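Asker: Provided below: query36.txt, containing compact mmCIF, C-alpha atoms and all ligand atoms.
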# COMPACT_ATOMS: atom_id res chain seq x y z
CA MET A 961 -6.27 -5.12 -19.09
CA ALA A 962 -3.15 -7.01 -18.02
CA MET A 963 -2.46 -6.93 -14.31
CA GLU A 964 1.05 -5.94 -13.38
CA GLY A 965 0.66 -7.25 -9.85
CA ALA A 966 1.18 -10.97 -10.36
CA GLN A 967 2.42 -12.89 -7.33
CA PRO A 968 6.12 -13.68 -7.67
CA SER A 969 5.42 -17.41 -7.41
CA GLY A 970 2.64 -17.39 -10.00
CA ALA A 971 0.02 -17.41 -7.27
CA ARG A 972 -3.41 -15.93 -7.90
CA GLN A 973 -3.77 -12.19 -8.23
CA ILE A 974 -5.20 -9.77 -5.70
CA LEU A 975 -6.88 -6.41 -6.28
CA THR A 976 -7.61 -4.18 -3.29
CA LEU A 977 -10.14 -1.37 -3.40
CA THR A 978 -10.14 1.81 -1.27
CA VAL A 979 -12.74 4.48 -2.02
CA ASN A 980 -12.08 6.52 1.12
CA PRO A 981 -8.30 6.54 1.62
CA ALA A 982 -6.69 8.83 4.20
CA LEU A 983 -3.31 10.31 4.81
CA ASP A 984 -2.65 9.06 8.33
CA ILE A 985 -0.70 11.56 10.36
CA SER A 986 0.53 10.36 13.72
CA THR A 987 2.45 11.99 16.51
CA ALA A 988 2.81 12.03 20.30
CA THR A 989 2.36 14.57 23.05
CA ALA A 990 2.74 14.42 26.83
CA LYS A 991 -0.88 15.11 27.70
CA VAL A 992 -3.97 15.91 25.64
CA GLU A 993 -5.87 18.81 27.20
CA SER A 994 -8.09 21.64 26.04
CA SER A 995 -7.23 25.30 25.51
CA HIS A 996 -3.44 24.94 25.55
CA LYS A 997 -1.26 24.44 22.53
CA LEU A 998 -0.22 20.81 22.57
CA ARG A 999 3.43 20.58 21.61
CA CYS A 1000 3.90 17.38 19.69
CA GLY A 1001 6.92 15.27 18.87
CA ALA A 1002 8.02 14.07 15.47
CA SER A 1003 5.24 13.19 13.05
CA ARG A 1004 4.84 10.32 10.69
CA VAL A 1005 2.67 10.21 7.57
CA ASP A 1006 1.32 6.97 6.09
CA PRO A 1007 -1.02 6.23 3.21
CA GLY A 1008 -3.91 4.64 5.14
CA GLY A 1009 -7.38 3.31 4.45
CA GLY A 1010 -8.49 -0.32 4.43
CA GLY A 1011 -7.61 -1.61 0.97
CA VAL A 1012 -4.34 0.28 0.65
CA ASN A 1013 -3.23 -0.95 4.07
CA VAL A 1014 -4.05 -4.49 3.01
CA ALA A 1015 -1.92 -4.01 -0.15
CA ARG A 1016 0.96 -2.57 1.90
CA VAL A 1017 0.93 -5.51 4.30
CA ILE A 1018 0.80 -8.00 1.40
CA GLN A 1019 3.90 -6.25 0.00
CA ARG A 1020 5.69 -6.57 3.34
CA LEU A 1021 4.87 -10.25 3.52
CA GLY A 1022 6.55 -10.79 0.17
CA GLY A 1023 3.39 -10.95 -1.96
CA ARG A 1024 1.99 -8.64 -4.58
CA SER A 1025 -1.35 -6.98 -5.12
CA VAL A 1026 -2.67 -4.00 -7.03
CA ALA A 1027 -4.20 -1.18 -4.96
CA LEU A 1028 -7.08 0.66 -6.63
CA PHE A 1029 -7.91 3.90 -4.82
CA THR A 1030 -9.30 7.39 -5.30
CA ALA A 1031 -7.07 10.45 -4.89
CA GLY A 1032 -7.65 14.18 -5.21
CA GLY A 1033 -6.11 17.55 -4.33
CA PRO A 1034 -2.66 18.14 -2.82
CA THR A 1035 -3.27 15.51 -0.13
CA GLY A 1036 -4.16 13.03 -2.87
CA GLU A 1037 -0.89 13.84 -4.65
CA ALA A 1038 1.10 13.22 -1.46
CA TYR A 1039 -0.88 10.03 -0.92
CA ARG A 1040 -0.05 8.66 -4.37
CA ARG A 1041 3.62 9.39 -3.87
CA LEU A 1042 3.68 7.58 -0.53
CA VAL A 1043 2.05 4.49 -2.04
CA GLU A 1044 4.52 4.62 -4.91
CA ALA A 1045 7.45 4.89 -2.50
CA GLU A 1046 6.39 1.57 -0.97
CA ARG A 1047 6.40 0.04 -4.47
CA VAL A 1048 2.78 -1.03 -4.22
CA PRO A 1049 1.38 -1.17 -7.78
CA SER A 1050 -1.58 1.21 -7.98
CA LEU A 1051 -4.56 2.17 -10.10
CA VAL A 1052 -5.79 5.65 -9.27
CA VAL A 1053 -9.23 7.13 -9.86
CA PRO A 1054 -8.79 10.93 -9.78
CA ILE A 1055 -11.46 12.82 -7.85
CA ARG A 1056 -12.31 16.52 -7.56
CA GLY A 1057 -12.32 16.65 -3.75
CA SER A 1058 -9.21 16.40 -1.59
CA THR A 1059 -8.14 13.11 -0.06
CA ARG A 1060 -8.89 13.24 3.68
CA GLN A 1061 -6.40 13.19 6.53
CA ASN A 1062 -6.68 11.27 9.80
CA PHE A 1063 -4.84 12.23 12.95
CA THR A 1064 -3.57 9.88 15.66
CA VAL A 1065 -2.05 11.20 18.87
CA ASP A 1066 -0.30 9.03 21.42
CA GLU A 1067 -0.49 10.54 24.91
CA THR A 1068 2.81 9.54 26.42
CA SER A 1069 1.91 10.29 30.07
CA SER A 1070 -0.96 7.77 30.05
CA GLY A 1071 -0.28 5.45 27.11
CA ARG A 1072 -3.70 6.41 25.72
CA GLN A 1073 -4.20 6.85 22.01
CA TYR A 1074 -6.54 9.41 20.42
CA ARG A 1075 -7.73 8.81 16.86
CA PHE A 1076 -9.40 11.61 14.93
CA VAL A 1077 -11.05 10.25 11.81
CA LEU A 1078 -12.29 12.74 9.22
CA GLU A 1079 -15.21 12.14 6.91
CA GLY A 1080 -13.60 12.28 3.48
CA PRO A 1081 -14.53 14.23 0.34
CA GLU A 1082 -17.88 13.67 -1.35
CA LEU A 1083 -17.65 11.55 -4.49
CA SER A 1084 -19.80 12.41 -7.50
CA GLU A 1085 -21.75 9.67 -9.21
CA ALA A 1086 -19.33 9.82 -12.16
CA GLU A 1087 -16.44 9.27 -9.74
CA TRP A 1088 -17.79 6.22 -7.95
CA VAL A 1089 -19.01 4.77 -11.23
CA SER A 1090 -15.43 5.19 -12.55
CA CYS A 1091 -14.23 3.14 -9.58
CA LEU A 1092 -16.67 0.36 -10.45
CA ASP A 1093 -15.73 0.51 -14.15
CA LEU A 1094 -12.07 0.19 -13.29
CA VAL A 1095 -12.83 -2.74 -10.97
CA ALA A 1096 -14.79 -4.37 -13.81
CA HIS A 1097 -11.82 -3.99 -16.14
CA THR A 1098 -9.19 -5.19 -13.73
CA VAL A 1099 -10.87 -7.95 -11.69
CA PRO A 1100 -8.28 -10.72 -11.63
CA ARG A 1101 -10.10 -13.76 -13.07
CA GLY A 1102 -9.64 -16.66 -10.65
CA GLY A 1103 -8.15 -14.21 -8.14
CA TYR A 1104 -9.27 -12.05 -5.21
CA VAL A 1105 -10.83 -8.62 -4.75
CA VAL A 1106 -10.54 -7.03 -1.29
CA ALA A 1107 -13.07 -4.25 -0.65
CA SER A 1108 -12.19 -2.59 2.62
CA GLY A 1109 -12.90 0.55 4.58
CA SER A 1110 -15.64 3.11 4.98
CA LEU A 1111 -17.56 4.67 2.09
CA PRO A 1112 -17.20 8.44 1.68
CA PRO A 1113 -20.23 10.72 1.30
CA GLY A 1114 -21.95 10.36 -2.07
CA VAL A 1115 -21.20 6.66 -2.49
CA PRO A 1116 -24.32 4.47 -2.29
CA ASP A 1117 -24.41 1.87 0.46
CA ASP A 1118 -24.75 -0.96 -2.05
CA PHE A 1119 -21.29 -0.09 -3.43
CA TYR A 1120 -19.56 -3.16 -1.98
CA ALA A 1121 -22.53 -5.30 -3.02
CA ARG A 1122 -21.92 -4.12 -6.59
CA VAL A 1123 -18.21 -4.92 -6.25
CA ALA A 1124 -19.07 -8.39 -4.98
CA ARG A 1125 -21.34 -8.94 -8.00
CA LEU A 1126 -18.65 -7.74 -10.42
CA ALA A 1127 -16.12 -10.05 -8.81
CA ARG A 1128 -18.44 -13.03 -9.05
CA GLU A 1129 -19.39 -12.29 -12.67
CA ASN A 1130 -15.69 -12.26 -13.51
CA GLY A 1131 -14.77 -15.44 -11.69
CA ALA A 1132 -13.06 -13.74 -8.72
CA ARG A 1133 -13.61 -14.05 -4.99
CA CYS A 1134 -14.60 -10.95 -3.04
CA LEU A 1135 -13.48 -10.28 0.54
CA VAL A 1136 -15.22 -7.47 2.42
CA ASP A 1137 -14.26 -5.50 5.53
CA ALA A 1138 -16.97 -2.93 6.14
CA SER A 1139 -19.62 -1.94 8.65
CA GLY A 1140 -23.23 -0.84 8.87
CA SER A 1141 -25.37 -0.81 5.76
CA ALA A 1142 -22.42 -1.23 3.36
CA LEU A 1143 -21.70 -4.53 5.13
CA GLY A 1144 -25.37 -5.51 5.21
CA ARG A 1145 -25.84 -4.92 1.48
CA ALA A 1146 -22.67 -6.88 0.63
CA LEU A 1147 -23.91 -9.81 2.72
CA SER A 1148 -27.27 -9.76 0.94
CA GLU A 1149 -25.39 -10.00 -2.34
CA GLY A 1150 -23.16 -12.82 -1.05
CA VAL A 1151 -19.37 -12.68 -0.70
CA PHE A 1152 -16.47 -15.08 -0.42
CA LEU A 1153 -15.27 -13.79 2.95
CA VAL A 1154 -16.39 -11.14 5.38
CA LYS A 1155 -14.28 -9.94 8.30
CA PRO A 1156 -16.45 -8.33 10.92
CA SER A 1157 -15.23 -7.27 14.33
CA LEU A 1158 -17.52 -8.33 17.18
CA ARG A 1159 -19.14 -4.90 17.19
CA GLU A 1160 -19.79 -5.05 13.44
CA LEU A 1161 -21.23 -8.56 13.64
CA ALA A 1162 -23.42 -7.70 16.63
CA GLU A 1163 -24.75 -4.62 14.87
CA HIS A 1164 -25.55 -6.69 11.81
CA ALA A 1165 -27.15 -9.49 13.83
CA GLY A 1166 -29.12 -6.96 15.88
CA GLY A 1167 -28.15 -8.45 19.26
CA ALA A 1168 -25.40 -8.02 21.83
CA LEU A 1169 -23.84 -11.49 21.22
CA GLU A 1170 -22.57 -11.59 24.78
CA SER A 1171 -21.56 -15.22 25.07
CA GLU A 1172 -18.88 -16.78 22.95
CA GLN A 1173 -21.44 -19.36 21.81
CA ASP A 1174 -23.74 -16.60 20.51
CA GLN A 1175 -20.78 -15.08 18.65
CA MET A 1176 -19.82 -18.35 16.98
CA ASP A 1177 -23.48 -19.06 16.14
CA ALA A 1178 -23.93 -15.64 14.52
CA ALA A 1179 -20.82 -16.18 12.37
CA ALA A 1180 -21.98 -19.68 11.39
CA ALA A 1181 -25.46 -18.35 10.55
CA LEU A 1182 -24.01 -16.06 7.89
CA VAL A 1183 -22.40 -19.08 6.27
CA SER A 1184 -25.48 -21.31 6.42
CA GLY A 1185 -27.64 -18.43 5.17
CA GLY A 1186 -25.47 -18.07 2.07
CA SER A 1187 -24.17 -14.57 2.88
CA ALA A 1188 -20.50 -15.62 2.91
CA GLU A 1189 -18.44 -18.75 2.35
CA TYR A 1190 -16.11 -17.68 5.16
CA VAL A 1191 -16.78 -15.43 8.12
CA ALA A 1192 -13.63 -14.30 9.92
CA LEU A 1193 -14.84 -12.82 13.20
CA THR A 1194 -12.03 -10.88 14.82
CA LEU A 1195 -12.16 -10.47 18.59
CA GLY A 1196 -9.24 -8.15 19.35
CA ALA A 1197 -7.13 -9.47 22.23
CA ARG A 1198 -9.35 -12.58 22.35
CA GLY A 1199 -8.22 -13.71 18.89
CA ALA A 1200 -10.58 -14.73 16.13
CA ALA A 1201 -13.00 -17.35 14.79
CA LEU A 1202 -13.38 -18.63 11.26
CA ALA A 1203 -16.75 -20.02 10.22
CA SER A 1204 -17.20 -21.98 7.00
CA SER A 1205 -19.20 -24.96 5.73
CA SER A 1206 -16.75 -27.21 7.55
CA GLY A 1207 -17.49 -25.68 10.96
CA VAL A 1208 -16.00 -22.99 13.20
CA LEU A 1209 -12.27 -22.72 13.97
CA ARG A 1210 -11.28 -20.71 17.03
CA LEU A 1211 -7.81 -19.27 17.65
CA ARG A 1212 -6.52 -17.42 20.71
CA VAL A 1213 -3.78 -14.89 20.18
CA PRO A 1214 -0.18 -15.46 21.11
CA SER A 1215 0.85 -13.16 23.93
CA VAL A 1216 2.46 -10.05 22.48
CA PRO A 1217 3.40 -6.63 23.86
CA VAL A 1218 0.48 -4.33 22.91
CA VAL A 1219 1.81 -1.01 21.62
CA SER A 1220 -0.87 0.21 19.19
CA THR A 1221 -3.83 -1.72 17.80
CA VAL A 1222 -4.16 0.52 14.71
CA GLY A 1223 -4.06 -1.60 11.55
CA ALA A 1224 -4.68 -4.98 13.23
CA GLY A 1225 -7.79 -5.69 11.16
CA ASP A 1226 -6.10 -4.75 7.88
CA SER A 1227 -3.06 -6.89 8.67
CA PHE A 1228 -5.37 -9.81 9.46
CA MET A 1229 -7.13 -9.44 6.10
CA ALA A 1230 -3.85 -9.07 4.18
CA ALA A 1231 -2.30 -12.27 5.50
CA PHE A 1232 -5.52 -14.21 4.98
CA VAL A 1233 -5.97 -13.25 1.33
CA LEU A 1234 -2.26 -13.63 0.57
CA ARG A 1235 -2.13 -17.21 1.87
CA MET A 1236 -5.34 -18.10 0.02
CA ALA A 1237 -3.89 -16.60 -3.18
CA GLN A 1238 -0.79 -18.71 -2.62
CA GLY A 1239 -3.04 -21.77 -2.63
CA ARG A 1240 -2.81 -22.52 1.09
CA PRO A 1241 -5.79 -24.09 2.91
CA ALA A 1242 -8.19 -21.78 4.73
CA GLY A 1243 -7.09 -22.99 8.18
CA GLU A 1244 -3.51 -22.03 7.42
CA ALA A 1245 -4.58 -18.66 6.00
CA PHE A 1246 -6.54 -18.08 9.20
CA ARG A 1247 -3.48 -18.81 11.37
CA ALA A 1248 -1.36 -16.42 9.32
CA ALA A 1249 -4.11 -13.80 9.65
CA VAL A 1250 -4.23 -14.03 13.44
CA ALA A 1251 -0.42 -13.87 13.51
CA ALA A 1252 -0.40 -10.75 11.31
CA GLY A 1253 -3.10 -9.03 13.38
CA SER A 1254 -1.15 -9.70 16.55
CA ALA A 1255 2.12 -8.60 14.93
CA ALA A 1256 0.43 -5.30 14.00
CA VAL A 1257 -0.33 -4.47 17.64
CA MET A 1258 3.38 -4.75 18.48
CA THR A 1259 4.30 -1.76 16.31
CA PRO A 1260 3.78 1.87 17.34
CA ALA A 1261 1.04 4.24 16.12
CA THR A 1262 -0.02 3.59 12.53
CA GLU A 1263 2.98 1.42 11.72
CA LEU A 1264 2.05 -1.89 10.08
CA CYS A 1265 3.28 -5.35 11.04
CA HIS A 1266 6.81 -6.60 10.41
CA ARG A 1267 7.30 -9.76 8.40
CA ALA A 1268 9.64 -11.36 10.93
CA ASP A 1269 7.05 -10.97 13.73
CA VAL A 1270 4.30 -12.45 11.54
CA GLU A 1271 6.38 -15.49 10.65
CA ARG A 1272 7.46 -16.08 14.23
CA LEU A 1273 3.88 -15.85 15.55
CA GLU A 1274 2.61 -18.01 12.70
CA ALA A 1275 5.09 -20.72 13.69
CA GLU A 1276 4.08 -20.34 17.36
CA LEU A 1277 0.39 -20.81 16.50
CA ARG A 1278 1.18 -23.82 14.32
CA SER A 1279 2.89 -25.61 17.18
CA ALA A 1280 0.33 -24.49 19.81
N1 LIG A 1301 -4.70 -6.52 21.96
C1 LIG A 1301 -4.36 -7.47 21.08
N2 LIG A 1301 -3.44 -8.42 21.38
C2 LIG A 1301 -3.09 -9.37 20.50
N3 LIG A 1301 -3.61 -9.48 19.27
C3 LIG A 1301 -4.53 -8.56 18.90
C4 LIG A 1301 -4.97 -7.52 19.77
N4 LIG A 1301 -5.87 -6.76 19.11
C5 LIG A 1301 -6.00 -7.32 17.90
N5 LIG A 1301 -5.21 -8.40 17.75
C6 LIG A 1301 -5.09 -9.27 16.57
O1 LIG A 1301 -5.56 -8.63 15.41
C7 LIG A 1301 -6.73 -9.27 14.89
C8 LIG A 1301 -7.71 -8.24 14.40
O2 LIG A 1301 -7.98 -7.35 15.46
P1 LIG A 1301 -9.39 -6.70 15.78
O3 LIG A 1301 -10.37 -7.73 16.14
O4 LIG A 1301 -9.11 -5.62 16.75
O5 LIG A 1301 -9.77 -6.13 14.34
P2 LIG A 1301 -10.56 -4.81 13.98
O6 LIG A 1301 -11.55 -4.51 15.04
O7 LIG A 1301 -11.02 -4.96 12.59
O8 LIG A 1301 -9.39 -3.75 14.05
P3 LIG A 1301 -9.24 -2.34 13.36
O9 LIG A 1301 -9.31 -1.38 14.50
O10 LIG A 1301 -7.90 -2.42 12.73
O11 LIG A 1301 -10.39 -2.21 12.39
C9 LIG A 1301 -7.24 -10.13 16.04
O12 LIG A 1301 -7.96 -11.25 15.56
C10 LIG A 1301 -5.94 -10.53 16.74
O13 LIG A 1301 -5.31 -11.57 16.03
MG MG A 1302 -11.82 -3.39 11.39
Represent the structure contained in this file as structure tokens.
Ligand SMILES: Nc1ncnc2c1ncn2[C@@H]1O[C@H](COP(=O)(O)OP(=O)(O)OP(=O)(O)O)[C@@H](O)[C@H]1O
Ligand SMILES: [Mg+2]

Answerer:
Amino acid sequence: MAMEGAQPSGARQILTLTVNPALDISTATAKVESSHKLRCGASRVDPGGGGVNVARVIQRLGGRSVALFTAGGPTGEAYRRLVEAERVPSLVVPIRGSTRQNFTVDETSSGRQYRFVLEGPELSEAEWVSCLDLVAHTVPRGGYVVASGSLPPGVPDDFYARVARLARENGARCLVDASGSALGRALSEGVFLVKPSLRELAEHAGGALESEQDQMDAAAALVSGGSAEYVALTLGARGAALASSSGVLRLRVPSVPVVSTVGAGDSFMAAFVLRMAQGRPAGEAFRAAVAAGSAAVMTPATELCHRADVERLEAELRSA
């Protein structure tokens, strides 16, 4: 099948995969407390979920990707329309259940943020197999497949491992952002890049990884053990590390006003894969990724990063 999502500059193609998308509803209220009705301000609705967020950020940064995602019920319909409105090319796998909704509330009196994350509809075997079939038919040869986000009920925990295998068999590179057993199985299969947070890496390694040295060593061990060519360990406000066969790079974050950290990980992933697809070296992709993650924390609630912020921070990191 021809991919309609070619990069404008003829760069390599990117397919993102989201099996558990969510309509992200966000709003604000003065104070979150029990029993009373909480009067909220204006609300905002975004099409969220790992892979789709990655595709949306790629779009904002001037690149192109195709977002493959499941959608069902009235919420799924709304979700598809929102993705379409952002002009992100999509491939939809219809499902019987209804696309889930997540709810984020900013408490204005304290600056705290509450995130309610729902489980998502159960997928039948036929449905998740359809996702894999569509991946198999649309893997961009010589390009990138980004598998990101949680797996909904019904989907086996080797799902991302299967995606990684399909990518490899079709000459594409697979990037995974997942946790728990879905992450573990993907690493056993072997991937191009994995982007764990410290918590995800520590859980996988089975230790607390308290010192920075332990953290770098755990990332490097995944590379030397053949689980991933690149390990991008993101450390929130402490920045990130990139382990590969040429060693470990460490970047601190530029100082930015922290408004909402929602979407930082997805923005990181988006900038990384976009720069790689554009043929840039990994070190440069890593710098862009840290810049995009930090730009994402400057925007309110579920809002993604702005291109101008990413480019400014990228330049700052280059000259640092
Ligand atoms: N408080 C912060 N200040 C500046 N930059 C940040 C902050 N939090 C995150 N970032 C940037 O975003 C990147 C990814 O963030 P983080 O490590 O929180 O990812 P994550 O845990 O996957 O996030 P998510 O909650 O989106 O899944 C970091 O490497 C950093 O560049
Ligand atoms: Mg994350």

Asker: Listing only residues of chain A within 7 Å of ligand MG 1302 (chain A), what is the closest atom pair and its distance in Å (to one decimal) for each, using all atoms listed in the file, sorted by chain and residue number ascending, as CSV?

Answerer:
residue,atom,partner,partner_atom,distance
A:Asp1137,CA,A:MG1302,MG,6.7
A:Pro1156,CA,A:MG1302,MG,6.8
A:Ser1157,CA,A:MG1302,MG,5.9
A:Gly1225,CA,A:MG1302,MG,4.6
A:Asp1226,CA,A:MG1302,MG,6.8

Asker: For the contact check between chain A and ligand LIG 1301 (chain A), emit one row per residue of chain A within 6 Å, containing the shortest atom pair and the distance in Å rounded to one decimal, counting all atoms listed in the file, chain then rising number order, as a Markdown table.

Answerer:
| residue | atom | partner | partner_atom | distance |
| --- | --- | --- | --- | --- |
| A:Ser1157 | CA | A:LIG1301 | O6 | 4.7 |
| A:Thr1194 | CA | A:LIG1301 | O3 | 3.8 |
| A:Leu1195 | CA | A:LIG1301 | O3 | 4.1 |
| A:Gly1196 | CA | A:LIG1301 | O3 | 3.4 |
| A:Ala1197 | CA | A:LIG1301 | C1 | 3.6 |
| A:Gly1199 | CA | A:LIG1301 | O12 | 4.1 |
| A:Ala1200 | CA | A:LIG1301 | O12 | 4.4 |
| A:Val1213 | CA | A:LIG1301 | N3 | 5.5 |
| A:Val1216 | CA | A:LIG1301 | C2 | 5.9 |
| A:Val1218 | CA | A:LIG1301 | N1 | 5.7 |
| A:Thr1221 | CA | A:LIG1301 | N4 | 5.6 |
| A:Val1222 | CA | A:LIG1301 | O10 | 5.2 |
| A:Gly1223 | CA | A:LIG1301 | O10 | 4.1 |
| A:Ala1224 | CA | A:LIG1301 | O10 | 4.1 |
| A:Gly1225 | CA | A:LIG1301 | O7 | 3.6 |
| A:Asp1226 | CA | A:LIG1301 | O10 | 5.7 |
| A:Phe1228 | CA | A:LIG1301 | C7 | 5.6 |
| A:Val1250 | CA | A:LIG1301 | O13 | 3.7 |
| A:Ala1251 | CA | A:LIG1301 | O13 | 6.0 |
| A:Gly1253 | CA | A:LIG1301 | O1 | 3.2 |
| A:Ser1254 | CA | A:LIG1301 | N3 | 3.7 |
| A:Val1257 | CA | A:LIG1301 | C4 | 5.9 |

Asker: For A:Arg1278, which residue among A:Ala1255, A:His1097, A:Pro1214, A:Ser1220 is the nearest when counting only C-alpha atoms?

Answerer: A:Pro1214

Asker: Go ahead and compute the interatomic distance for atom CA of A:Ile974 and atom CA of A:Val1105, in Å to one decimal.

Answerer: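 Between atom CA of A:Ile974 and atom CA of A:Val1105 the gap works out to 5.8 Å.
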
Asker: Pick out the closest residue to A:Ser1204 from this set: A:Leu1135, A:Ala1180, A:Met1229, A:Ala1237. Count only C-alpha atoms.

Answerer: A:Ala1180

Asker: Atom CA of A:Ser1205 and atom CA of A:Thr978 are how many Å apart?

Answerer: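 For atom CA of A:Ser1205 relative to atom CA of A:Thr978, the distance reads 29.1 Å.
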
Asker: A:Cys1265: which residues within 7 Å, counting all atoms listed in the file, same-chain residues fewer than 6 positions away excluded, as a PyMOL selection string?

Answerer: chain A and resi 1227+1252+1255-1256+1259

Asker: What's around A:Glu1087 at 10 Å? Count only C-alpha atoms, leave out sequence neighbours fewer than 2 positions away in its own chain, and write the answer as a list in words.

Answerer: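 After dropping sequence-adjacent residues, the list is Val979, Thr1030, Val1053, Pro1054, Ile1055, Arg1056, Glu1082, Leu1083, Ser1084, Glu1085, Val1089, Ser1090, Cys1091, Leu1092, Asp1093, Gly1114 and Val1115 of chain A.
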